[in-house]
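Coordinates as given in start_39.cif (mmCIF, C-alpha atoms):
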```cif
data_model
loop_
_atom_site.label_atom_id
_atom_site.label_comp_id
_atom_site.auth_asym_id
_atom_site.auth_seq_id
_atom_site.Cartn_x
_atom_site.Cartn_y
_atom_site.Cartn_z
CA MET A 1 19.27 -20.04 -11.92
CA ILE A 2 16.85 -22.87 -12.52
CA GLN A 3 18.91 -23.94 -15.50
CA MET A 4 22.06 -23.96 -13.44
CA ARG A 5 20.50 -26.04 -10.69
CA ARG A 6 19.18 -28.46 -13.26
CA GLY A 7 22.70 -28.68 -14.67
CA VAL A 8 24.45 -29.41 -11.38
CA LEU A 9 21.82 -31.74 -9.93
CA PRO A 10 23.20 -34.89 -11.61
CA TYR A 11 26.58 -34.20 -10.02
CA CYS A 12 25.02 -33.70 -6.62
CA VAL A 13 23.50 -37.15 -6.98
CA LEU A 14 26.85 -38.62 -8.03
CA ALA A 15 28.55 -36.94 -5.07
CA LEU A 16 25.93 -38.40 -2.75
CA LEU A 17 26.69 -41.85 -4.12
CA ARG A 18 30.45 -41.46 -4.09
CA GLU A 19 31.07 -43.57 -1.01
CA GLN A 20 27.74 -45.27 -0.44
CA GLU A 21 24.82 -46.78 -2.25
CA CYS A 22 21.34 -45.43 -1.67
CA TYR A 23 17.83 -46.35 -2.68
CA GLY A 24 15.46 -43.98 -4.46
CA VAL A 25 13.64 -42.47 -1.51
CA GLN A 26 16.92 -41.80 0.30
CA ILE A 27 18.30 -39.91 -2.67
CA VAL A 28 15.11 -37.89 -3.03
CA ARG A 29 15.15 -37.03 0.65
CA SER A 30 18.79 -35.96 0.65
CA LEU A 31 18.27 -33.70 -2.32
CA ALA A 32 15.07 -32.23 -0.93
CA ALA A 33 16.86 -31.48 2.33
CA ALA A 34 19.32 -29.27 0.48
CA ASP A 35 17.65 -25.93 0.04
CA GLY A 36 16.28 -25.27 -3.43
CA MET A 37 17.70 -28.33 -5.11
CA VAL A 38 14.50 -29.93 -6.26
CA THR A 39 11.13 -28.55 -7.18
CA SER A 40 9.14 -31.77 -7.12
CA GLU A 41 10.45 -35.08 -5.84
CA GLY A 42 9.26 -37.01 -8.86
CA THR A 43 11.65 -35.21 -11.19
CA VAL A 44 14.59 -36.94 -9.50
CA TYR A 45 13.62 -40.33 -10.93
CA PRO A 46 14.02 -39.48 -14.62
CA LEU A 47 17.41 -38.06 -13.65
CA LEU A 48 18.40 -41.33 -11.98
CA ALA A 49 17.27 -43.26 -15.04
CA ARG A 50 19.36 -41.02 -17.27
CA LEU A 51 22.44 -41.47 -15.08
CA ARG A 52 21.94 -45.20 -15.34
CA ARG A 53 21.58 -45.06 -19.12
CA GLN A 54 24.76 -42.99 -19.32
CA GLY A 55 26.60 -45.61 -17.30
CA LEU A 56 27.38 -43.24 -14.44
CA VAL A 57 25.44 -45.29 -11.90
CA THR A 58 24.33 -48.89 -11.70
CA THR A 59 21.37 -50.34 -9.88
CA ARG A 60 20.72 -53.56 -8.06
CA TRP A 61 17.66 -54.94 -6.36
CA GLY A 62 17.90 -55.26 -2.62
CA GLU A 63 15.64 -56.36 0.17
CA SER A 64 13.82 -53.78 2.21
CA PRO A 65 12.88 -54.34 5.87
CA ALA A 66 9.13 -54.00 5.55
CA GLY A 67 8.06 -53.96 1.95
CA PRO A 68 8.80 -54.97 -1.63
CA PRO A 69 12.44 -55.18 -2.79
CA ARG A 70 13.81 -51.84 -3.88
CA ARG A 71 16.37 -50.50 -6.29
CA TYR A 72 19.74 -49.43 -4.87
CA TYR A 73 21.86 -46.97 -6.85
CA ARG A 74 25.64 -47.13 -6.86
CA ILE A 75 28.24 -44.98 -8.64
CA THR A 76 30.42 -46.48 -11.37
CA ALA A 77 34.01 -45.74 -12.35
CA GLY A 78 32.68 -43.60 -15.16
CA GLY A 79 30.49 -41.77 -12.68
CA ARG A 80 33.46 -41.10 -10.45
CA ALA A 81 35.44 -39.70 -13.37
CA ALA A 82 32.59 -37.43 -14.42
CA LEU A 83 32.16 -36.25 -10.85
CA ASP A 84 35.84 -35.42 -10.46
CA ALA A 85 35.90 -33.49 -13.73
CA PHE A 86 32.82 -31.56 -12.67
CA ALA A 87 34.26 -30.80 -9.23
CA THR A 88 37.35 -29.23 -10.80
CA ASP A 89 35.28 -27.10 -13.18
CA TRP A 90 32.83 -26.14 -10.48
CA ARG A 91 35.46 -24.98 -8.04
CA ARG A 92 37.21 -22.95 -10.67
CA THR A 93 33.96 -21.29 -11.74
CA ARG A 94 32.81 -20.81 -8.18
CA ASP A 95 36.05 -19.07 -7.23
CA ALA A 96 35.92 -16.83 -10.29
CA VAL A 97 32.33 -15.79 -9.61
CA GLU A 98 33.11 -15.19 -5.96
CA ARG A 99 35.91 -12.87 -6.95
CA PHE A 100 33.47 -10.72 -8.84
CA LEU A 101 30.75 -10.89 -6.20
CA SER A 102 32.84 -10.23 -3.12
CA GLU A 103 33.53 -6.59 -2.51
CA LYS A 104 36.59 -7.06 -0.38
CA ASP A 105 39.61 -7.95 -2.38
CA GLY A 106 40.22 -9.26 -5.82
CA VAL A 107 37.70 -7.44 -8.02
CA PRO A 108 39.95 -6.63 -10.95
CA PRO A 109 39.90 -3.12 -12.37
CA CYS A 110 38.28 -2.76 -15.75
CA MET B 111 -11.65 -57.51 -7.41
CA LEU B 112 -12.28 -54.27 -5.61
CA THR B 113 -9.48 -51.76 -5.78
CA ALA B 114 -9.08 -49.69 -2.67
CA PRO B 115 -9.58 -45.94 -3.25
CA ALA B 116 -5.99 -45.40 -2.17
CA ASP B 117 -4.68 -47.78 -4.82
CA ARG B 118 -6.91 -46.16 -7.42
CA LEU B 119 -5.43 -42.77 -6.61
CA VAL B 120 -1.95 -44.16 -7.15
CA ASP B 121 -2.89 -45.92 -10.38
CA ASP B 122 -4.57 -42.77 -11.74
CA TYR B 123 -1.53 -40.69 -10.93
CA LEU B 124 0.89 -43.11 -12.55
CA ALA B 125 -1.35 -43.37 -15.59
CA ARG B 126 -1.25 -39.60 -15.95
CA VAL B 127 2.53 -39.57 -15.77
CA ALA B 128 2.78 -42.35 -18.34
CA ALA B 129 0.31 -40.60 -20.64
CA ARG B 130 2.37 -37.44 -20.65
CA ALA B 131 5.75 -39.09 -21.02
CA THR B 132 5.38 -39.30 -24.77
CA ALA B 133 9.05 -38.62 -25.37
CA LEU B 134 10.02 -41.90 -23.73
CA ASP B 135 10.06 -45.30 -25.35
CA PRO B 136 7.90 -48.00 -23.70
CA GLU B 137 10.81 -49.45 -21.76
CA GLN B 138 11.79 -46.10 -20.30
CA ARG B 139 8.18 -45.32 -19.50
CA ASP B 140 7.84 -48.60 -17.64
CA GLU B 141 11.01 -47.88 -15.72
CA LEU B 142 9.74 -44.48 -14.63
CA THR B 143 6.41 -45.92 -13.57
CA ALA B 144 8.19 -48.64 -11.61
CA GLN B 145 10.43 -46.10 -9.89
CA LEU B 146 7.49 -43.95 -8.88
CA ARG B 147 5.50 -46.96 -7.75
CA GLU B 148 8.41 -48.05 -5.58
CA HIS B 149 8.73 -44.56 -4.12
CA ILE B 150 5.03 -44.43 -3.28
CA ALA B 151 5.03 -47.94 -1.82
CA THR B 152 8.03 -47.14 0.39
CA LEU B 153 6.48 -43.98 1.75
CA ARG B 154 3.13 -45.68 2.27
CA ALA B 155 4.78 -48.43 4.28
CA GLU B 156 6.67 -45.89 6.39
CA SER B 157 3.64 -43.74 7.00
CA GLY B 158 1.80 -46.08 9.30
CA ALA B 159 -1.44 -45.28 7.48
CA PRO B 160 -0.78 -46.84 4.07
CA ASP B 161 -4.37 -46.86 2.88
CA ASP B 162 -5.38 -43.50 4.22
CA GLU B 163 -6.38 -41.24 1.32
CA ALA B 164 -4.88 -38.17 2.94
CA THR B 165 -1.54 -39.94 3.26
CA ILE B 166 -1.59 -40.91 -0.40
CA ARG B 167 -2.53 -37.42 -1.54
CA THR B 168 0.32 -35.93 0.45
CA ILE B 169 2.79 -38.36 -1.07
CA LEU B 170 1.53 -37.63 -4.59
CA ASP B 171 1.58 -33.87 -4.00
CA GLN B 172 5.21 -34.02 -3.01
CA LEU B 173 6.02 -36.16 -6.00
CA GLY B 174 4.65 -33.31 -8.06
CA ASP B 175 2.65 -32.58 -11.17
CA PRO B 176 2.73 -35.48 -13.65
CA ARG B 177 3.51 -32.94 -16.35
CA ASP B 178 6.67 -31.79 -14.58
CA ILE B 179 7.86 -35.34 -14.10
CA ALA B 180 7.18 -36.20 -17.73
CA ALA B 181 8.97 -33.03 -18.79
CA ALA B 182 12.00 -33.98 -16.70
CA ALA B 183 11.99 -37.31 -18.50
CA ASP B 184 12.08 -35.71 -21.92
CA PRO B 185 15.62 -36.13 -23.20
CA GLU B 186 15.24 -32.87 -25.00
CA ALA B 187 14.30 -31.15 -21.80
CA SER B 188 11.87 -28.26 -21.78
CA GLY B 189 13.28 -25.17 -23.39
CA SER B 190 15.35 -27.10 -25.89
CA ALA B 191 15.87 -25.35 -29.14
CA ARG B 192 14.23 -28.07 -31.17
CA GLY B 193 11.10 -28.06 -29.04
CA VAL B 194 10.75 -24.31 -29.31
CA TRP B 195 11.12 -24.27 -33.08
CA GLN B 196 8.76 -27.18 -33.46
CA ALA B 197 6.11 -25.28 -31.54
CA ARG B 198 6.65 -22.13 -33.59
CA ALA B 199 6.48 -24.04 -36.85
CA ALA B 200 3.24 -25.64 -35.71
CA LEU B 201 1.65 -22.25 -35.09
CA LEU B 202 2.88 -20.79 -38.35
CA LEU B 203 1.58 -23.70 -40.38
CA LEU B 204 -1.76 -23.71 -38.61
CA LEU B 205 -2.27 -20.14 -39.57
CA LEU B 206 -0.71 -19.87 -43.00
CA GLY B 207 -0.25 -23.48 -44.02
CA GLY B 208 -3.55 -23.46 -45.79
CA LEU B 209 -1.93 -21.33 -48.49
CA VAL B 210 -0.30 -24.56 -49.61
CA PRO B 211 -3.70 -26.13 -50.03
CA VAL B 212 -4.61 -28.56 -47.28
CA VAL B 213 -1.13 -30.08 -46.88
CA GLY B 214 0.43 -27.09 -45.16
CA TRP B 215 -2.31 -26.82 -42.58
CA VAL B 216 -2.33 -30.59 -42.01
CA ALA B 217 1.41 -30.41 -41.38
CA GLY B 218 0.70 -27.73 -38.82
CA VAL B 219 -1.81 -29.98 -37.08
CA VAL B 220 0.66 -32.87 -36.99
CA LEU B 221 3.34 -30.66 -35.45
CA LEU B 222 0.82 -29.24 -33.00
CA TRP B 223 -0.11 -32.64 -31.66
CA SER B 224 3.46 -33.86 -31.39
CA ALA B 225 4.62 -30.79 -29.48
CA ASP B 226 5.05 -31.05 -25.74
CA ARG B 227 3.96 -27.59 -24.95
CA TRP B 228 0.17 -27.74 -24.92
CA SER B 229 -2.41 -29.90 -23.22
CA ALA B 230 -4.63 -32.20 -25.26
CA ARG B 231 -7.49 -29.80 -24.74
CA GLN B 232 -5.51 -26.89 -26.14
CA LYS B 233 -4.43 -29.02 -29.07
CA LEU B 234 -8.03 -29.94 -29.81
CA ALA B 235 -9.02 -26.29 -29.82
CA GLY B 236 -6.08 -25.56 -32.08
CA THR B 237 -7.26 -28.18 -34.55
CA LEU B 238 -10.97 -27.41 -34.60
CA LEU B 239 -10.79 -23.63 -34.46
CA THR B 240 -8.30 -23.14 -37.26
CA PRO B 241 -9.94 -25.00 -40.12
CA GLY B 242 -7.43 -24.48 -42.89
CA GLY B 243 -6.23 -21.46 -40.96
CA PHE B 244 -5.78 -18.08 -42.48
CA GLY B 245 -4.64 -19.66 -45.71
CA GLY B 246 -7.72 -21.82 -45.95
CA ALA B 247 -9.97 -18.87 -45.31
CA PHE B 248 -8.08 -16.93 -47.95
CA PHE B 249 -8.78 -19.61 -50.54
CA VAL B 250 -12.44 -19.77 -49.61
CA LEU B 251 -12.64 -16.02 -49.92
CA VAL B 252 -10.99 -16.01 -53.34
CA TRP B 253 -13.20 -18.84 -54.52
CA SER B 254 -16.31 -17.07 -53.39
CA LEU B 255 -15.31 -13.84 -55.08
CA LEU B 256 -14.59 -15.68 -58.32
CA THR B 257 -17.89 -17.53 -58.31
CA SER B 258 -20.04 -14.67 -57.10
CA SER B 259 -19.83 -13.05 -60.49
CA ALA B 260 -22.06 -15.88 -61.64
CA SER B 261 -24.85 -14.95 -59.27
CA VAL B 262 -26.80 -13.16 -61.87
CA SER B 263 -30.43 -13.92 -62.38
CA CYS B 264 -32.16 -13.45 -65.68
CA ASP B 265 -35.84 -13.34 -66.31
CA ALA B 266 -37.70 -14.70 -69.25
CA SER B 267 -37.20 -11.71 -71.51
CA GLY B 268 -33.43 -11.82 -71.17
CA ARG B 269 -32.97 -8.94 -68.84
CA CYS B 270 -30.43 -9.82 -66.25
CA GLN B 271 -29.57 -8.29 -63.01
CA GLU B 272 -27.22 -9.21 -60.27
CA ASP B 273 -28.47 -10.91 -57.20
CA SER B 274 -28.59 -8.30 -54.54
CA GLY B 275 -29.67 -10.59 -51.79
CA LEU B 276 -27.54 -11.72 -48.91
CA ALA B 277 -26.53 -15.05 -50.46
CA PRO B 278 -23.35 -13.85 -52.18
CA TYR B 279 -22.14 -12.38 -48.93
CA VAL B 280 -22.55 -15.44 -46.78
CA VAL B 281 -19.46 -17.30 -47.92
CA PRO B 282 -17.05 -14.35 -47.72
CA VAL B 283 -18.34 -13.44 -44.27
CA VAL B 284 -17.99 -17.01 -43.05
CA ALA B 285 -14.48 -17.11 -44.48
CA LEU B 286 -13.57 -13.90 -42.68
CA VAL B 287 -14.99 -15.26 -39.43
CA PHE B 288 -12.93 -18.43 -39.85
CA ALA B 289 -9.85 -16.33 -40.53
CA ALA B 290 -10.44 -14.20 -37.44
CA VAL B 291 -11.07 -17.23 -35.24
CA SER B 292 -7.91 -18.87 -36.60
CA VAL B 293 -5.82 -15.82 -35.80
CA VAL B 294 -7.23 -15.54 -32.28
CA THR B 295 -6.74 -19.26 -31.62
CA VAL B 296 -3.14 -19.21 -32.80
CA ILE B 297 -2.38 -16.11 -30.71
CA ARG B 298 -3.83 -17.81 -27.65
CA LEU B 299 -1.79 -20.95 -28.29
CA ALA B 300 1.34 -18.86 -28.71
CA ARG B 301 0.80 -17.19 -25.37
CA SER B 302 -0.09 -20.30 -23.45
CA GLY B 303 1.36 -23.68 -22.75
CA ARG B 304 4.56 -24.48 -20.98
#
```
Take the structure in this file and express it as structure tokens.
Amino acid sequence: MIQMRRGVLPYCVLALLREQECYGVQIVRSLAAADGMVTSEGTVYPLLARLRRQGLVTTRWGESPAGPPRRYYRITAGGRAALDAFATDWRRTRDAVERFLSEKDGVPPC
Amino acid sequence: MLTAPADRLVDDYLARVAARATALDPEQRDELTAQLREHIATLRAESGAPDDEATIRTILDQLGDPRDIAAAADPEASGSARGVWQARAALLLLLLGGLVPVVGWVAGVVLLWSADRWSARQKLAGTLLTPGGFGGAFFVLVWSLLTSSASVSCDASGRCQEDSGLAPYVVPVVALVFAAVSVVTVIRLARSGR
């Protein structure tokens, strides 16, 4: 389960950034608010760096109200494409798993 | 210039993360440190008690163990096949590498230190407590058996008898002890670490 969460976490970040840009602490907070998504907050930052290296997000420096300038993360076209591809796969997998897990209808006979 | 205790806590923490992020190149390590520093600074500013030690410790606790952060930064994330095989090869060479005199065991030590899985302390134990490993002990044992046949003492009239003192037994016993310690150390390394 841990492996699966680790696998989908990048896409959760991309989905968060789909229509808005966020700075580091905001992203960490949003992920932490979703049950079981992160173990320790610090592990989100290497993930963000990797997304940036892969060209899925870009960063810019922006002013902050009461402190040093901070890094804002924004999704790229490549990030959007990756997110859409993932969403299709995820929904297909999710529906398939649900079919097996739900006892009502749809569990195929052996 | 006096550094406030709060700032020292932060610097120590970031130093620990940087020290463990050996899989990153310097640029990536700097980026990670900068990200974490920014995170800490933001939360400190929001807290209303930016220099309070308790505040800092809470922030750092929630950031997490430096080892976990460094592990997340490893491009070959924990559990990767290469990392696992590297660790296994290290253990094998530590134990048996001495059979290829010196070089094999040294290779084991090099792999041991470059593996992510153990702390520096564990690596030090692995180096010091497996001198030559099983293979090295084996060679020492063979050498001592070969040379012990020479421990014969002759008196003036030419009558010779074998030394029956303890001396001939010292080296084999020491070799066996080394071998046993090597085996135990390697087993402990295999069971421990991340």
Near chain B, meaning an atom within 7 Å, which residues of chain A appear when counting only C-alpha atoms? Write them as a PyMOL selection string. chain A and resi 24-25+40-43+45-46+67+70
For a cut-off of 12 Å around (3.8, -29.9, -43.4), file coordinates, pick out all residues using all atoms listed in the file and list them as a PyMOL selection string. chain B and resi 196+199-204+206-222
Just want the 10 Å neighbourhood of B:Val293, counted on all atoms listed in the file, with same-chain residues fewer than 6 positions away dropped. Output as a list in words.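 Returned residues: Leu201, Leu204, Leu205, Leu206, Leu239, Thr240, Gly243, Phe244, Val287 and Leu299 of chain B.
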Resolved residues for the PyMOL selection byres ((chain A and resi 32) around 12) as JSON, numbers by chain: {"A": [9, 12, 13, 25, 26, 27, 28, 29, 30, 31, 33, 34, 35, 36, 37, 38, 39, 40, 41, 42, 43, 44], "B": [172, 173]}
Quick one: 4 Å padding each side, axis-aligned, all listed atoms of stretch 126-129 of chain B - centre and edge lengths in Å to one decimal, as AutoDock Vina command-line options?
```
--center_x 0.8 --center_y -41.0 --center_z -18.2 --size_x 12.0 --size_y 10.8 --size_z 12.9
```
State, in Å with one decimal place, the distance from atom CA of A:Leu56 to atom CA of A:Tyr11.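 Atom-to-atom, atom CA of A:Leu56 and atom CA of A:Tyr11 are spaced 10.1 Å apart.
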At a cut-off of 10 Å, using all atoms listed in the file, what residues contact stretch 73-77 of chain A? Leave out same-chain residues fewer than 5 positions from it and give the result as a list of chain:residue names. A:Val13, A:Leu14, A:Ala15, A:Leu16, A:Leu17, A:Arg18, A:Glu19, A:Gln20, A:Glu21, A:Cys22, A:Tyr23, A:Gly24, A:Ile27, A:Leu48, A:Leu51, A:Arg52, A:Gly55, A:Leu56, A:Val57, A:Thr58, A:Thr59, A:Arg60, A:Trp61, A:Ala82, A:Leu83
In Å and to one decimal, atom CA of B:Asp162 is distant from atom CA of B:Ala125 by 20.2 Å
Mind giving me the straight-line distance from atom CA of A:Gly7 to atom CA of A:Ala96 in Å, one decimal?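 Rounded to one decimal, the two atoms are 18.3 Å apart.
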